[in-house]
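Source file: target.pdb; contents: PDB, C-alpha atoms.
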```pdb
ATOM      1  CA  MET L   1       7.678  21.228 -44.658
ATOM      2  CA  SER L   2      10.845  19.308 -43.878
ATOM      3  CA  GLY L   3      10.901  15.720 -42.717
ATOM      4  CA  GLY L   4      12.539  14.095 -39.752
ATOM      5  CA  ILE L   5      13.743  10.655 -38.670
ATOM      6  CA  THR L   6      13.509   9.050 -35.238
ATOM      7  CA  THR L   7      15.762   6.141 -34.352
ATOM      8  CA  GLY L   8      16.532   4.397 -31.105
ATOM      9  CA  PHE L   9      16.947   1.244 -29.101
ATOM     10  CA  GLY L  10      14.526  -0.784 -27.036
ATOM     11  CA  ALA L  11      15.054  -3.353 -24.355
ATOM     12  CA  LEU L  12      12.947  -6.270 -25.601
ATOM     13  CA  GLY L  13      13.426  -7.685 -29.096
ATOM     14  CA  ARG L  14       9.740  -8.438 -29.680
ATOM     15  CA  THR L  15       8.407  -5.141 -28.420
ATOM     16  CA  SER L  16       6.978  -2.494 -30.760
ATOM     17  CA  ALA L  17       7.097   1.301 -30.665
ATOM     18  CA  LEU L  18       4.025   3.452 -31.286
ATOM     19  CA  VAL L  19       4.144   7.161 -32.109
ATOM     20  CA  PRO L  20       0.817   9.068 -32.105
ATOM     21  CA  THR L  21       0.719  12.781 -33.015
ATOM     22  CA  GLY L  22      -3.020  13.347 -32.903
ATOM     23  CA  TRP L  23      -3.460  12.881 -36.663
ATOM     24  CA  GLN L  24      -0.507  10.717 -37.659
ATOM     25  CA  GLU L  25       0.410   7.340 -36.187
ATOM     26  CA  LEU L  26       3.507   5.290 -36.927
ATOM     27  CA  ARG L  27       4.564   1.844 -35.762
ATOM     28  CA  ALA L  28       7.882   0.041 -35.833
ATOM     29  CA  ASP L  29       8.861  -3.432 -34.611
ATOM     30  CA  LEU L  30      12.115  -3.957 -32.785
ATOM     31  CA  ASP L  31      14.703  -6.202 -34.381
ATOM     32  CA  GLN L  32      16.782  -8.876 -32.663
ATOM     33  CA  ASP L  33      19.152  -6.220 -31.313
ATOM     34  CA  GLY L  34      16.293  -4.216 -29.862
ATOM     35  CA  ARG L  35      16.570  -1.465 -32.493
ATOM     36  CA  TYR L  36      13.665   0.325 -34.136
ATOM     37  CA  PHE L  37      13.414   2.893 -36.924
ATOM     38  CA  LEU L  38      10.659   5.395 -37.701
ATOM     39  CA  GLY L  39      11.068   7.249 -40.972
ATOM     40  CA  ALA L  40       9.346  10.237 -42.588
ATOM     41  CA  VAL L  41       8.632  11.778 -39.207
ATOM     42  CA  LEU L  42       7.439  15.378 -39.383
ATOM     43  CA  PRO L  43       9.169  17.890 -37.104
ATOM     44  CA  GLY L  44       7.368  18.729 -33.890
ATOM     45  CA  ASP L  45       6.317  17.191 -30.584
ATOM     46  CA  TRP L  46       5.721  13.433 -30.467
ATOM     47  CA  GLU L  47       4.826  10.861 -27.851
ATOM     48  CA  VAL L  48       6.740   7.604 -28.274
ATOM     49  CA  SER L  49       5.271   4.538 -26.583
ATOM     50  CA  LEU L  50       6.976   1.207 -25.985
ATOM     51  CA  ASN L  51       4.502  -1.669 -26.183
ATOM     52  CA  THR L  52       4.424  -5.437 -25.764
ATOM     53  CA  PRO L  53       3.749  -7.611 -28.834
ATOM     54  CA  ASP L  54       0.029  -7.819 -27.939
ATOM     55  CA  GLY L  55      -0.251  -4.012 -27.875
ATOM     56  CA  ALA L  56      -0.165  -3.481 -24.100
ATOM     57  CA  ARG L  57       1.473  -0.163 -23.348
ATOM     58  CA  GLN L  58       4.560  -0.324 -21.119
ATOM     59  CA  GLU L  59       6.267   3.058 -21.252
ATOM     60  CA  SER L  60       6.004   6.404 -23.060
ATOM     61  CA  ARG L  61       8.199   9.461 -23.472
ATOM     62  CA  ASP L  62       7.753  12.898 -25.067
ATOM     63  CA  VAL L  63      10.265  14.018 -27.707
ATOM     64  CA  SER L  64      10.686  16.988 -30.049
ATOM     65  CA  VAL L  65      11.880  16.168 -33.560
ATOM     66  CA  PRO L  66      14.025  19.005 -35.020
ATOM     67  CA  GLU L  67      13.435  20.599 -38.409
ATOM     68  CA  GLY L  68      15.645  20.030 -41.395
ATOM     69  CA  PRO L  69      15.896  17.371 -44.139
ATOM     70  CA  GLY L  70      17.685  14.275 -42.919
ATOM     71  CA  GLU L  71      17.673  15.358 -39.276
ATOM     72  CA  GLU L  72      17.702  12.467 -36.828
ATOM     73  CA  PHE L  73      16.644  12.188 -33.218
ATOM     74  CA  THR L  74      17.707   9.215 -31.110
ATOM     75  CA  LEU L  75      15.430   8.043 -28.309
ATOM     76  CA  ASN L  76      16.548   5.110 -26.174
ATOM     77  CA  PHE L  77      14.344   2.981 -23.974
ATOM     78  CA  ASP L  78      17.315   1.351 -22.265
ATOM     79  CA  TYR L  79      16.745   0.230 -18.702
ATOM     80  CA  GLY L  80      18.665  -1.709 -16.105
ATOM     81  CA  GLY L  81      16.201  -4.557 -15.678
ATOM     82  CA  VAL L  82      12.642  -5.030 -14.511
ATOM     83  CA  SER L  83      12.030  -3.277 -11.190
ATOM     84  CA  ILE L  84       8.445  -4.396 -10.509
ATOM     85  CA  GLU L  85       6.603  -7.229 -12.202
ATOM     86  CA  GLY L  86       3.366  -8.943 -11.367
ATOM     87  CA  VAL L  87       0.063 -10.397 -12.440
ATOM     88  CA  VAL L  88      -3.515  -9.103 -12.501
ATOM     89  CA  THR L  89      -6.285 -11.640 -11.818
ATOM     90  CA  ASP L  90     -10.012 -11.543 -11.221
ATOM     91  CA  SER L  91     -11.586 -12.696  -7.957
ATOM     92  CA  ALA L  92     -11.568 -16.307  -9.225
ATOM     93  CA  GLY L  93      -7.825 -16.202  -9.899
ATOM     94  CA  ALA L  94      -8.051 -16.047 -13.696
ATOM     95  CA  PRO L  95      -5.551 -13.735 -15.460
ATOM     96  CA  VAL L  96      -6.954 -10.441 -16.754
ATOM     97  CA  ASN L  97      -5.843  -9.041 -20.122
ATOM     98  CA  HIS L  98      -5.579  -5.279 -20.819
ATOM     99  CA  ALA L  99      -6.089  -4.229 -17.208
ATOM    100  CA  THR L 100      -4.584  -0.849 -16.392
ATOM    101  CA  VAL L 101      -1.961  -0.898 -13.642
ATOM    102  CA  ASP L 102      -1.452   2.551 -12.110
ATOM    103  CA  LEU L 103       1.829   3.440 -10.444
ATOM    104  CA  PHE L 104       2.033   6.091  -7.736
ATOM    105  CA  PRO L 105       3.393   8.630  -6.949
ATOM    106  CA  GLN L 106       4.468   8.899 -10.623
ATOM    107  CA  ARG L 107       0.834   8.609 -11.808
ATOM    108  CA  SER L 108       2.046   6.580 -14.773
ATOM    109  CA  TRP L 109       0.553   3.302 -15.966
ATOM    110  CA  VAL L 110       1.197   0.067 -17.836
ATOM    111  CA  ALA L 111      -1.162  -2.592 -19.150
ATOM    112  CA  SER L 112      -1.371  -6.306 -18.427
ATOM    113  CA  GLY L 113      -0.941  -8.889 -21.197
ATOM    114  CA  PRO L 114      -3.023 -11.968 -22.116
ATOM    115  CA  ASP L 115      -1.516 -13.906 -19.198
ATOM    116  CA  GLY L 116      -2.350 -11.036 -16.831
ATOM    117  CA  ARG L 117       1.311 -10.178 -16.395
ATOM    118  CA  PHE L 118       2.797  -6.687 -16.411
ATOM    119  CA  GLN L 119       6.201  -5.064 -15.938
ATOM    120  CA  VAL L 120       7.215  -1.645 -14.613
ATOM    121  CA  ARG L 121      10.750  -0.793 -15.638
ATOM    122  CA  ASP L 122      13.500   1.689 -14.958
ATOM    123  CA  LEU L 123      12.451   2.773 -11.468
ATOM    124  CA  ALA L 124      14.712   4.431  -8.927
ATOM    125  CA  PRO L 125      14.919   3.020  -5.390
ATOM    126  CA  GLY L 126      11.995   4.175  -3.280
ATOM    127  CA  THR L 127       8.468   3.366  -2.152
ATOM    128  CA  TYR L 128       5.660   2.910  -4.664
ATOM    129  CA  GLN L 129       1.987   1.970  -4.725
ATOM    130  CA  LEU L 130       0.299  -0.027  -7.482
ATOM    131  CA  ARG L 131      -3.382  -0.576  -8.250
ATOM    132  CA  ALA L 132      -5.083  -2.397 -11.116
ATOM    133  CA  ARG L 133      -8.382  -1.355 -12.692
ATOM    134  CA  LEU L 134     -10.630  -2.548 -15.480
ATOM    135  CA  GLN L 135     -13.988  -0.892 -16.107
ATOM    136  CA  HIS L 136     -15.686  -0.740 -12.666
ATOM    137  CA  ASP L 137     -13.389  -3.267 -10.972
ATOM    138  CA  ARG L 138     -10.314  -2.282  -8.965
ATOM    139  CA  SER L 139      -7.713  -3.913  -6.760
ATOM    140  CA  ASP L 140      -6.386  -2.836  -3.411
ATOM    141  CA  LEU L 141      -3.383  -0.525  -3.360
ATOM    142  CA  VAL L 142      -0.213  -2.559  -2.898
ATOM    143  CA  ASP L 143       2.921  -1.038  -1.355
ATOM    144  CA  VAL L 144       6.280  -1.911  -2.926
ATOM    145  CA  GLU L 145       9.704  -0.822  -1.676
ATOM    146  CA  LEU L 146      12.727  -0.955  -3.980
ATOM    147  CA  ARG L 147      15.913  -0.798  -1.912
ATOM    148  CA  ASP L 148      18.449  -0.497  -4.748
ATOM    149  CA  TYR L 149      18.686  -0.524  -8.528
ATOM    150  CA  ASN L 150      19.049  -4.318  -8.654
ATOM    151  CA  ASP L 151      15.966  -4.906  -6.522
ATOM    152  CA  ARG L 152      13.049  -6.686  -8.207
ATOM    153  CA  GLN L 153       9.649  -7.138  -6.617
ATOM    154  CA  THR L 154       6.679  -9.288  -7.665
ATOM    155  CA  VAL L 155       3.103  -8.332  -6.796
ATOM    156  CA  HIS L 156      -0.359  -9.854  -7.251
ATOM    157  CA  LEU L 157      -3.230  -7.475  -7.972
ATOM    158  CA  GLU L 158      -6.713  -8.954  -7.617
ATOM    159  CA  LEU L 159      -9.596  -7.084  -9.215
ATOM    160  CA  ARG L 160     -12.743  -6.739  -7.124
ATOM    161  CA  ASP L 161     -16.249  -5.587  -8.027
ATOM    162  CA  ASP L 162     -16.502  -4.000  -4.551
ATOM    163  CA  PRO L 163     -13.342  -1.849  -4.601
ATOM    164  CA  PRO L 164     -11.948  -0.424  -1.350
ATOM    165  CA  ASN L 165     -13.349   2.921  -0.278
ATOM    166  CA  ASP L 166     -11.181   5.933  -1.050
ATOM    167  CA  GLU L 167     -13.839   8.629  -0.544
ATOM    168  CA  LEU L 168     -13.680  10.637   2.658
ATOM    169  CA  LEU L 169     -17.034  11.909   3.948
ATOM    170  CA  ILE L 170     -16.994  15.131   5.989
ATOM    171  CA  ARG L 171     -20.123  16.075   7.943
ATOM    172  CA  LEU L 172     -20.742  19.431   9.647
ATOM    173  CA  ALA L 173     -23.427  19.933  12.263
ATOM    174  CA  GLY L 174     -25.998  22.594  11.423
ATOM    175  CA  GLY L 175     -25.832  22.158   7.645
ATOM    176  CA  GLY L 176     -23.047  24.707   7.120
ATOM    177  CA  SER L 177     -21.326  25.650   3.873
ATOM    178  CA  GLY L 178     -17.772  26.562   2.987
ATOM    179  CA  PHE L 179     -14.546  24.712   2.164
ATOM    180  CA  CYS L 180     -12.433  21.957   3.698
ATOM    181  CA  PHE L 181      -8.731  21.280   3.326
ATOM    182  CA  VAL L 182      -7.816  17.585   3.287
ATOM    183  CA  GLU L 183      -4.190  16.517   3.441
ATOM    184  CA  MET L 184      -2.332  13.238   3.751
ATOM    185  CA  GLU L 185       1.263  12.980   4.916
ATOM    186  CA  GLY L 186       3.644  14.066   2.176
ATOM    187  CA  SER L 187       0.768  14.819  -0.194
ATOM    188  CA  TYR L 188      -0.813  17.938  -1.613
ATOM    189  CA  GLN L 189      -4.041  19.368  -0.204
ATOM    190  CA  GLN L 190      -7.432  18.729  -1.749
ATOM    191  CA  VAL L 191     -10.123  21.367  -1.265
ATOM    192  CA  PRO L 192     -13.711  20.086  -1.482
ATOM    193  CA  ARG L 193     -16.655  22.445  -1.136
ATOM    194  CA  ILE L 194     -19.154  21.935   1.688
ATOM    195  CA  ASP L 195     -22.821  22.155   0.739
ATOM    196  CA  GLY L 196     -25.688  21.408   3.118
ATOM    197  CA  GLY L 197     -23.313  20.363   5.867
ATOM    198  CA  SER L 198     -21.380  17.676   4.005
ATOM    199  CA  ALA L 199     -18.547  17.182   1.555
ATOM    200  CA  THR L 200     -17.092  14.127  -0.135
ATOM    201  CA  VAL L 201     -13.541  14.037  -1.418
ATOM    202  CA  LYS L 202     -12.018  11.220  -3.451
ATOM    203  CA  LEU L 203      -8.490  10.789  -2.119
ATOM    204  CA  MET L 204      -5.817  10.419  -4.766
ATOM    205  CA  PRO L 205      -3.018   7.861  -4.263
ATOM    206  CA  PRO L 206      -0.480   7.418  -2.947
ATOM    207  CA  LEU L 207      -2.514   6.891   0.232
ATOM    208  CA  THR L 208      -0.712   7.228   3.548
ATOM    209  CA  ASP L 209      -1.569   6.052   7.053
ATOM    210  CA  ARG L 210      -2.826   9.382   8.340
ATOM    211  CA  VAL L 211      -4.991  12.302   7.247
ATOM    212  CA  ARG L 212      -5.883  15.698   8.677
ATOM    213  CA  VAL L 213      -8.763  18.043   7.911
ATOM    214  CA  ALA L 214      -9.312  21.787   8.315
ATOM    215  CA  CYS L 215     -12.566  23.540   7.408
ATOM    216  CA  GLN L 216     -13.850  27.093   7.119
ATOM    217  CA  ALA L 217     -17.606  26.879   7.411
ATOM    218  CA  ASP L 218     -19.841  29.925   7.730
ATOM    219  CA  GLY L 219     -16.866  31.961   8.939
ATOM    220  CA  ARG L 220     -15.847  29.426  11.598
ATOM    221  CA  TRP L 221     -12.562  27.513  11.658
ATOM    222  CA  ILE L 222     -12.315  23.774  12.287
ATOM    223  CA  LEU L 223      -8.790  22.419  12.743
ATOM    224  CA  THR L 224      -8.014  18.748  13.385
ATOM    225  CA  GLY L 225      -4.789  16.900  14.007
ATOM    226  CA  TRP L 226      -3.559  13.791  12.234
ATOM    227  CA  GLN L 227      -5.867  10.776  12.462
ATOM    228  CA  ASP L 228      -5.904   7.222  11.152
ATOM    229  CA  LEU L 229      -6.852   7.243   7.458
ATOM    230  CA  GLU L 230      -8.494   3.821   7.385
ATOM    231  CA  ARG L 231     -10.723   4.708  10.323
ATOM    232  CA  ALA L 232     -11.619   8.072   8.760
ATOM    233  CA  LEU L 233     -12.562   6.418   5.445
ATOM    234  CA  GLU L 234     -14.699   3.855   7.228
ATOM    235  CA  ARG L 235     -16.583   6.214   9.549
ATOM    236  CA  GLY L 236     -16.201   9.645   8.016
ATOM    237  CA  VAL L 237     -15.348  12.702  10.098
ATOM    238  CA  ASP L 238     -17.882  14.777  12.013
ATOM    239  CA  PHE L 239     -17.453  18.366  13.213
ATOM    240  CA  ASP L 240     -19.506  20.911  15.090
ATOM    241  CA  PRO L 241     -18.488  24.387  13.862
ATOM    242  CA  PHE L 242     -20.443  26.057  16.664
ATOM    243  CA  GLU L 243     -17.782  24.859  19.103
ATOM    244  CA  SER L 244     -15.356  27.244  17.359
ATOM    245  CA  ASP L 245     -16.105  30.371  19.382
ATOM    246  CA  SER L 246     -12.752  31.466  20.812
ATOM    247  CA  SER L 247     -10.559  34.335  19.581
ATOM    248  CA  ILE L 248      -6.990  35.628  19.565
ATOM    249  CA  VAL L 249      -6.464  39.401  19.750
ATOM    250  CA  LEU L 250      -3.126  40.719  18.460
ATOM    251  CA  GLU L 251      -2.141  43.828  20.382
ATOM    252  CA  GLY L 252       0.896  46.097  20.238
ATOM    253  CA  ASP L 253       2.680  48.523  17.938
ATOM    254  CA  PRO L 254       1.075  48.413  14.456
ATOM    255  CA  SER L 255       4.545  48.718  12.888
ATOM    256  CA  THR L 256       5.560  45.346  14.315
ATOM    257  CA  ALA L 257       6.367  42.599  11.813
ATOM    258  CA  ALA L 258       3.615  40.364  10.482
ATOM    259  CA  VAL L 259       2.523  37.442  12.633
ATOM    260  CA  GLN L 260       2.361  33.815  11.522
ATOM    261  CA  VAL L 261      -0.253  31.743  13.366
ATOM    262  CA  THR L 262      -0.168  27.939  13.544
ATOM    263  CA  GLY L 263      -3.163  26.210  15.116
ATOM    264  CA  PRO L 264      -4.178  22.695  16.211
ATOM    265  CA  GLY L 265      -3.043  19.974  13.849
ATOM    266  CA  GLY L 266      -0.132  22.128  12.673
ATOM    267  CA  TRP L 267      -2.330  24.135  10.299
ATOM    268  CA  ASP L 268      -0.977  27.506   9.177
ATOM    269  CA  LEU L 269      -4.012  29.803   9.368
ATOM    270  CA  GLY L 270      -2.467  32.398   7.068
ATOM    271  CA  LYS L 271      -1.907  29.888   4.262
ATOM    272  CA  LEU L 272      -5.421  28.525   4.666
ATOM    273  CA  ARG L 273      -7.091  31.898   4.488
ATOM    274  CA  LEU L 274      -5.423  32.603   1.150
ATOM    275  CA  TRP L 275      -8.429  30.770  -0.282
ATOM    276  CA  PHE L 276     -10.655  33.514   1.085
ATOM    277  CA  GLY L 277      -8.671  36.524  -0.111
ATOM    278  CA  GLY L 278      -6.602  37.017   3.034
ATOM    279  CA  GLY L 279      -2.852  37.335   3.481
ATOM    280  CA  THR L 280      -0.454  34.661   4.662
ATOM    281  CA  ALA L 281       0.301  36.598   7.862
ATOM    282  CA  TYR L 282      -1.704  38.568  10.417
ATOM    283  CA  SER L 283      -1.177  42.179  11.489
ATOM    284  CA  VAL L 284      -1.125  43.768  14.914
ATOM    285  CA  GLY L 285      -4.622  45.004  15.702
ATOM    286  CA  GLU L 286      -6.368  42.035  14.089
ATOM    287  CA  THR L 287      -8.701  39.736  15.968
ATOM    288  CA  ILE L 288      -8.722  36.136  14.770
ATOM    289  CA  SER L 289     -12.248  35.007  15.546
ATOM    290  CA  ASN L 290     -14.255  31.781  15.544
ATOM    291  CA  LEU L 291     -11.345  29.507  16.408
ATOM    292  CA  PRO L 292     -11.591  26.038  17.964
ATOM    293  CA  GLU L 293     -10.215  25.475  21.434
ATOM    294  CA  GLY L 294      -6.593  24.420  21.444
ATOM    295  CA  GLU L 295      -2.928  25.366  21.291
ATOM    296  CA  TYR L 296      -1.690  28.087  18.923
ATOM    297  CA  THR L 297       1.854  29.147  18.107
ATOM    298  CA  LEU L 298       2.533  32.750  17.061
ATOM    299  CA  ARG L 299       5.774  33.769  15.348
ATOM    300  CA  TRP L 300       6.990  37.257  14.404
ATOM    301  CA  GLY L 301      10.530  38.426  13.817
ATOM    302  CA  ASN L 302      12.662  36.215  16.054
ATOM    303  CA  GLN L 303       9.887  35.886  18.644
ATOM    304  CA  VAL L 304       7.763  32.792  19.352
ATOM    305  CA  ARG L 305       4.845  32.532  21.747
ATOM    306  CA  THR L 306       2.409  29.705  22.464
ATOM    307  CA  VAL L 307      -1.112  30.344  23.772
ATOM    308  CA  TRP L 308      -4.130  28.180  24.603
ATOM    309  CA  THR L 309      -7.633  29.266  23.649
ATOM    310  CA  GLU L 310     -10.773  28.386  25.589
ATOM    311  CA  ARG L 311     -14.378  28.304  24.442
ATOM    312  CA  ARG L 312     -16.227  31.623  24.366
ATOM    313  CA  ARG L 313     -13.100  33.521  25.437
ATOM    314  CA  ALA L 314     -10.567  35.821  23.782
ATOM    315  CA  VAL L 315      -6.835  35.573  24.365
ATOM    316  CA  GLU L 316      -4.944  38.866  24.147
ATOM    317  CA  VAL L 317      -1.378  38.556  22.876
ATOM    318  CA  GLU L 318       1.074  41.463  23.098
ATOM    319  CA  ILE L 319       3.192  41.554  19.948
ATOM    320  CA  GLU L 320       6.496  43.255  20.776
ATOM    321  CA  ASN L 321       9.626  43.939  18.732
TER     322      ASN L 321
END
```

Represent the structure of the file as structure tokens.
Amino acid sequence: MSGGITTGFGALGRTSALVPTGWQELRADLDQDGRYFLGAVLPGDWEVSLNTPDGARQESRDVSVPEGPGEEFTLNFDYGGVSIEGVVTDSAGAPVNHATVDLFPQRSWVASGPDGRFQVRDLAPGTYQLRARLQHDRSDLVDVELRDYNDRQTVHLELRDDPPNDELLIRLAGGGSGFCFVEMEGSYQQVPRIDGGSATVKLMPPLTDRVRVACQADGRWILTGWQDLERALERGVDFDPFESDSSIVLEGDPSTAAVQVTGPGGWDLGKLRLWFGGGTAYSVGETISNLPEGEYTLRWGNQVRTVWTERRRAVEVEIEN
């Protein structure tokens, strides 16, 4: 088996580089010029981590070392300055060593040093959220906005033994079962299962100001619009699926193009029902049953029509070419 060599440059002269491969681990200290050298590296996939002198991880990258005797692979950890720096303390204000600082939306992390300080480097301009954690303690999420590449922000993350609530409780009247779709602005959907009329979903950062929920419980649709996230986390959300008793009947020529249906809260019913084996669009002749009262937008071809459903009533919609 041929060997390989990894060389590169770091940004801090006293920082070390760690390379774990599952069964082999190599370390190299950076010299005064920020250079490091790792020899006798086997070809294959490696994870290279840049660490502070006390062993706190700061950054990692995946590399593939090519085959062939004497082959070299250069990996640079150059960066244009510290973008976010800060300190992690406990509730008494004492610095916390080896706390994990999570960065969102990247879902990467760094660790604090003996003085509680940490650095997040090489970030593009944008909005980020940071949160510290150590065992069962956590800090609040802190928002940071970097306006340009020379922007540097300092944050203070205080660990608490009563961390802020990030679990959303959904309660359904009548003890129904099914699934809910929970979405924050600009975030992916989470799909918790409802059992015995309730579901709990742990929301993953970055957390936004608003959240919306759609449920399919015992064959009945529940569709809500955007609501304040903090209020929803504090109080939970309550629904009565038995109020969803209206219908939309699609009438017309069966050869007409498929129909897209958007309901209250901007939910696309076709995309939601993919979870239950349905298609993303509805066909002429279908009846969409057990809907909540509200406004619905139907689109087919170049046609758009808006209808309003009422409780215990069916709305007939003529789908024409």

- Query: Pick the closest to Gln129 (chain L) from L:Gly219, L:Pro164, L:Gly116, L:Pro205: which is it, counting all atoms listed in the file?
  - Reply: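 Closest residue, counting all atoms listed in the file: L:Pro205.
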
- Please provide the set of residues having any atom within 8 Å of Trp300 (chain L), restricted to all atoms listed in the file, with same-chain residues fewer than 4 positions apart removed, written as an NGL selection string. :L and (257-260 or 304 or 319)

- Message: Please list as a PyMOL selection string every residue within 7 Å of region 144-149 of chain L, counting only C-alpha atoms and excluding residues in the same chain fewer than 6 positions away.
- Response: chain L and resi 124-129

With the file shown as input, list the residues that the PyMOL selection byres ((chain L and resi 252) around 10) selects, as a PDB file with C-alpha atoms, in the frame of the given file.
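That gives us result.pdb:
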```pdb
ATOM      1  CA  VAL L 249      -6.464  39.401  19.750  1.00  0.00           C
ATOM      2  CA  LEU L 250      -3.126  40.719  18.460  1.00  0.00           C
ATOM      3  CA  GLU L 251      -2.141  43.828  20.382  1.00  0.00           C
ATOM      4  CA  ASP L 253       2.680  48.523  17.938  1.00  0.00           C
ATOM      5  CA  PRO L 254       1.075  48.413  14.456  1.00  0.00           C
ATOM      6  CA  SER L 255       4.545  48.718  12.888  1.00  0.00           C
ATOM      7  CA  THR L 256       5.560  45.346  14.315  1.00  0.00           C
ATOM      8  CA  SER L 283      -1.177  42.179  11.489  1.00  0.00           C
ATOM      9  CA  VAL L 284      -1.125  43.768  14.914  1.00  0.00           C
ATOM     10  CA  GLY L 285      -4.622  45.004  15.702  1.00  0.00           C
ATOM     11  CA  VAL L 317      -1.378  38.556  22.876  1.00  0.00           C
ATOM     12  CA  GLU L 318       1.074  41.463  23.098  1.00  0.00           C
ATOM     13  CA  ILE L 319       3.192  41.554  19.948  1.00  0.00           C
ATOM     14  CA  GLU L 320       6.496  43.255  20.776  1.00  0.00           C
ATOM     15  CA  ASN L 321       9.626  43.939  18.732  1.00  0.00           C
TER      16      ASN L 321
END
```

- Message: What would the selection look like, as a ChimeraX atom specification, if the PyMOL selection byres ((chain L and resi 85) around 6) were run on the coordinates I just shared?
- Response: /L:84,86,118-119,154

- Task: Any chance you could resolve the PyMOL selection byres ((chain L and resi 243-245) around 10) against this file and give the residues as number ranges by chain?
- Result: L: 219-223, 239-242, 246-247, 289-293, 309-314

- Exercise: Gly175 (chain L) partners within 8 Å, all atoms listed in the file, chain neighbours under 4 positions left out, as a list in words: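 In the requested form, the answer reads Asp195, Gly196, Gly197 and Ser198 of chain L.
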
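Across L:Glu47, L:Asp62, L:Asp102, L:Glu158, the tightest approach to Arg27 (chain L) is made by L:Glu47 when counting all atoms listed in the file.
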
- Item | Best match for closeness to Glu167 (chain L) among L:Val211, L:Ala40, L:Leu233, L:Leu134, counting all atoms listed in the file |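 Of the candidates, the smallest distance to Glu167 (chain L) is held by L:Leu233.
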
- For CA of Asp228 (chain L) and CA of Val307 (chain L), determine how far apart the two atoms are, in Å to one decimal place.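 These two atoms are separated by 26.8 Å.
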